[in-house]
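Undergrad: For reference, the structure I am asking about is given below.
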Amino acid sequence: MTGDTTRSGPDETDTRPETVAVCQRLLEENLGATPNETLVVVTDGPKRDIGRALFEAGRALELEAGLLEMRPRERSGVEPPEYVVSAMEIADIVVCPTSTSLTHTRARERACKSGARVATMPGITPEMFDGGAITADYTEVKRLTAAITERLSNASRARIESHGERLTLGLDSRDGIPSDGVCRKAGSSGNLPSGEGYIAPVEGTANGTLVVDGGIVGVGVVDEPLVIEISNGRIVSVSGESAEAFRDAVADDDCARRVCELGIGTNPAAEIIGIVLEDEKVYGTCHAAFGDNAGFGGTIECDSHVDGIVREPDVYLDDELVVSGGDLRV
């Protein structure tokens, strides 16, 4: 299947055999693909080659595979067109190698409610198939992710300390979400590559200062820490070399400037590379995000979701130190 204004025929894109082989492994091991299941690959122009590799991998595994290409979305969190949503809802497996993220969209939610297993791959690059997070021992990632997610679910508050600053967040009555790269059950979803436990903090409870010194959506790796002042769950000021680019990323409406997520990375193979798909999975990092969280237990709905990563934080859950200078204590 192809769609929208751009189309690619069966021989118009180059797919490296080694990339197709990795895609086959991900479909089988991470998504539990079996012959004759339906696979829908959702992609866009910049990620066409990877979309094609996943499609070819699906065909090699005897899946009923389809490839949908849409125009790139303006930013992470923007919904795909309705024809894509409809295809996602009737598939057994959906994989989304796209320029921006479809993770926190109603489209992904609808697909999961219909029983699809969904893997989103925002910003994925061909180079990411050669090393880093995608090569992880996902049995270990699953163990670490389960442990940190349990701590998040049981906590009523969190505190992030880095560069002499601190940010506190309320977590009471919110459940942690595991993203361990294993989506074998109907209705499950996550990123690939993966490795994080995350949660939607209670809206309006985040107060203090977050110092981002890793990667940022729309910015990449920061050369100088970005200092974000937060009051009652909203950004009030931003300073640092990347401040203007960050403000542009969250400037569309008020909800894009609201704290929506706390996440902790659990993938020992991941590296900070300037692509948030991998950056936020780095073992012992944490990240906060701004914008939409309605898809994982929050109440904020908007077409935006911007993450910022802290490299070696101290993270406390109910005053228990669970991340210490880049090391998980679980």
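Labels used: A, B, ... for chains in the order of the structure tokens, numbers from 1 for residues in each chain, and numbers from 1 for ligands as shown.
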Would you list, as a list in words, the residues of region 116-256 of chain A that end up in alpha helix (DSSP H) under DSSP run on this structure's backbone?
TA: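 Those in region 116-256 of chain A that DSSP calls alpha helix (DSSP H) are Tyr138, Thr139, Glu140, Val141, Lys142, Arg143, Leu144, Thr145, Ala146, Ala147, Ile148, Thr149, Glu150, Arg151, Leu152, Ser153, Asn154, Ala243, Glu244, Ala245, Phe246, Arg247, Asp248 and Ala249 of chain A.
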Undergrad: Please produce a file of the residues just selected, as a PDB file, in the first residue's frame, where the atoms kept are C-alpha atoms.
TA:
```pdb
ATOM      1  CA  TYR A 138      16.486  -6.977  25.229  1.00  0.00           C
ATOM      2  CA  THR A 139      16.084  -9.578  27.967  1.00  0.00           C
ATOM      3  CA  GLU A 140      18.229  -7.361  30.191  1.00  0.00           C
ATOM      4  CA  VAL A 141      16.497  -4.210  28.951  1.00  0.00           C
ATOM      5  CA  LYS A 142      13.142  -5.780  29.851  1.00  0.00           C
ATOM      6  CA  ARG A 143      14.380  -6.621  33.369  1.00  0.00           C
ATOM      7  CA  LEU A 144      15.736  -3.135  34.043  1.00  0.00           C
ATOM      8  CA  THR A 145      12.672  -1.465  32.560  1.00  0.00           C
ATOM      9  CA  ALA A 146      10.278  -3.511  34.688  1.00  0.00           C
ATOM     10  CA  ALA A 147      12.209  -2.634  37.848  1.00  0.00           C
ATOM     11  CA  ILE A 148      12.288   1.108  37.183  1.00  0.00           C
ATOM     12  CA  THR A 149       8.653   1.177  36.047  1.00  0.00           C
ATOM     13  CA  GLU A 150       7.557  -0.469  39.283  1.00  0.00           C
ATOM     14  CA  ARG A 151       9.405   2.219  41.263  1.00  0.00           C
ATOM     15  CA  LEU A 152       7.707   4.960  39.231  1.00  0.00           C
ATOM     16  CA  SER A 153       4.252   3.436  39.757  1.00  0.00           C
ATOM     17  CA  ASN A 154       4.745   3.181  43.516  1.00  0.00           C
ATOM     18  CA  ALA A 243      17.275  28.339  23.981  1.00  0.00           C
ATOM     19  CA  GLU A 244      15.892  29.861  20.777  1.00  0.00           C
ATOM     20  CA  ALA A 245      15.655  26.524  18.981  1.00  0.00           C
ATOM     21  CA  PHE A 246      13.977  24.965  22.004  1.00  0.00           C
ATOM     22  CA  ARG A 247      11.482  27.836  22.296  1.00  0.00           C
ATOM     23  CA  ASP A 248      10.624  27.383  18.630  1.00  0.00           C
ATOM     24  CA  ALA A 249       9.937  23.688  19.258  1.00  0.00           C
TER      25      ALA A 249
END
```
Undergrad: Could you pull out the strand (DSSP E) residues of region 83-159 of chain A from DSSP and send them as number ranges by chain?
TA: A: 93-96, 117-120, 157-159
Undergrad: Please produce a file of those selected residues containing N, CA and C atoms, as a JSON list (two decimals), in the first residue's frame.
TA:
```
[["chain", "number", "residue", "atom", "x", "y", "z"],
["A", 93, "ILE", "N", 0.28, -5.86, 13.06],
["A", 93, "ILE", "CA", 1.53, -5.22, 13.45],
["A", 93, "ILE", "C", 1.65, -3.90, 12.69],
["A", 94, "VAL", "N", 2.04, -2.84, 13.40],
["A", 94, "VAL", "CA", 2.28, -1.54, 12.77],
["A", 94, "VAL", "C", 3.68, -1.08, 13.17],
["A", 95, "VAL", "N", 4.49, -0.71, 12.20],
["A", 95, "VAL", "CA", 5.82, -0.17, 12.48],
["A", 95, "VAL", "C", 5.92, 1.19, 11.77],
["A", 96, "CYS", "N", 6.40, 2.19, 12.50],
["A", 96, "CYS", "CA", 6.37, 3.57, 12.01],
["A", 96, "CYS", "C", 7.76, 4.20, 12.01],
["A", 117, "ARG", "N", -0.11, -4.53, 17.47],
["A", 117, "ARG", "CA", 1.17, -4.33, 18.17],
["A", 117, "ARG", "C", 1.92, -3.26, 17.39],
["A", 118, "VAL", "N", 2.25, -2.16, 18.09],
["A", 118, "VAL", "CA", 2.76, -0.98, 17.40],
["A", 118, "VAL", "C", 4.16, -0.64, 17.87],
["A", 119, "ALA", "N", 5.08, -0.47, 16.92],
["A", 119, "ALA", "CA", 6.43, 0.00, 17.21],
["A", 119, "ALA", "C", 6.66, 1.30, 16.46],
["A", 120, "THR", "N", 6.97, 2.37, 17.17],
["A", 120, "THR", "CA", 7.28, 3.64, 16.54],
["A", 120, "THR", "C", 8.79, 3.85, 16.52],
["A", 157, "ARG", "N", 6.14, 11.10, 44.44],
["A", 157, "ARG", "CA", 6.85, 12.30, 43.98],
["A", 157, "ARG", "C", 8.22, 11.90, 43.45],
["A", 158, "ALA", "N", 8.78, 12.76, 42.62],
["A", 158, "ALA", "CA", 10.11, 12.55, 42.05],
["A", 158, "ALA", "C", 10.92, 13.83, 42.17],
["A", 159, "ARG", "N", 12.23, 13.65, 42.17],
["A", 159, "ARG", "CA", 13.13, 14.80, 42.20],
["A", 159, "ARG", "C", 14.32, 14.51, 41.29]]
```
Undergrad: Looking at A:Ala21, A:Val212, A:Ile272, A:Leu167, which one is nearest to Ile309 (chain A), with distances taken over only C-alpha atoms?
TA: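 Using only C-alpha atoms, the shortest distance to Ile309 (chain A) belongs to A:Val212.
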Undergrad: I'd like the interatomic distance between CA of Asp314 (chain A) and CA of Glu161 (chain A), to a tenth of an Å.
TA: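 Separation between CA of Asp314 (chain A) and CA of Glu161 (chain A): 5.1 Å.
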Undergrad: Compare A:Glu301, A:Asn293, A:Asp307, A:Thr100 by their minimum atom-to-atom distance to Arg174 (chain A), counting only C-alpha atoms, and give me the closest one.
TA: A:Asn293
Undergrad: Counting only C-alpha atoms, what is within 9 Å of Thr15 (chain A), bar same-chain residues fewer than 5 positions away, as a PyMOL selection string?
TA: chain A and resi 20+49-50+52-53+56
Undergrad: Restricting the calculation to only C-alpha atoms: of A:Val250, A:Ile230, A:Ala116, A:Ile264, which residue gets closest to Ile177 (chain A)?
TA: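 Among A:Val250, A:Ile230, A:Ala116, A:Ile264, it is A:Ile264 that comes nearest to Ile177 (chain A).
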Undergrad: Taking into account only C-alpha atoms, which residue in the set A:Leu169, A:Glu241, A:Lys113, A:Val227 is nearest to Ser188 (chain A)?
TA: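 Once distances to Ser188 (chain A) are computed over only C-alpha atoms, the minimum belongs to A:Lys113.
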Undergrad: As a VMD selection string, please: the residues near Ser173 (chain A) (cut-off 10 Å, only C-alpha atoms, same-chain neighbours under 5 positions excluded).
TA: chain A and resid 153 to 156 201 to 202 297
Undergrad: Applying 9 Å and only C-alpha atoms, which residues near Pro268 (chain A) remain after dropping the ones on its own chain fewer than 5 positions away? List them as number ranges by chain.
TA: A: 132-133, 136-137, 140-141, 195, 281-284
Undergrad: Could you pull the residues within 7 Å of Phe290 (chain A), counting only C-alpha atoms, minus those fewer than 5 positions along the same chain, as a ChimeraX atom specification?
TA: /A:256-261,305-307
Undergrad: What's the separation between CA of Ala65 (chain A) and CA of Glu109 (chain A), in Å to one decimal place?
TA: 21.0 Å
Undergrad: Under the rule that only C-alpha atoms are counted, which of A:Leu39, A:Val78, A:Leu26, A:Ile228 is the nearest residue to Glu62 (chain A)?
TA: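 Result for the nearest residue to Glu62 (chain A): A:Leu39.
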Undergrad: Which residues are close to Thr209 (chain A), i.e. within 10 Å by only C-alpha atoms, leaving aside same-chain residues fewer than 4 positions away? Reply as JSON, numbers by chain.
TA: {"A": [160, 161, 162, 163, 164, 165, 166, 167, 168, 227, 228, 229, 230, 231, 235, 237, 238]}
Undergrad: In terms of the shortest atom-to-atom distance over only C-alpha atoms, which of A:Thr125, A:Ala91, A:Thr105, A:Val40 is closest to Thr19 (chain A)?
TA: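 Answer, going by the shortest atom-to-atom distance: A:Thr125.
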Undergrad: Can you measure CA of Glu196 (chain A) to CA of Gly240 (chain A) for me? One decimal in Å is fine.
TA: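 Taking CA of Glu196 (chain A) and CA of Gly240 (chain A), their separation equals 26.9 Å.
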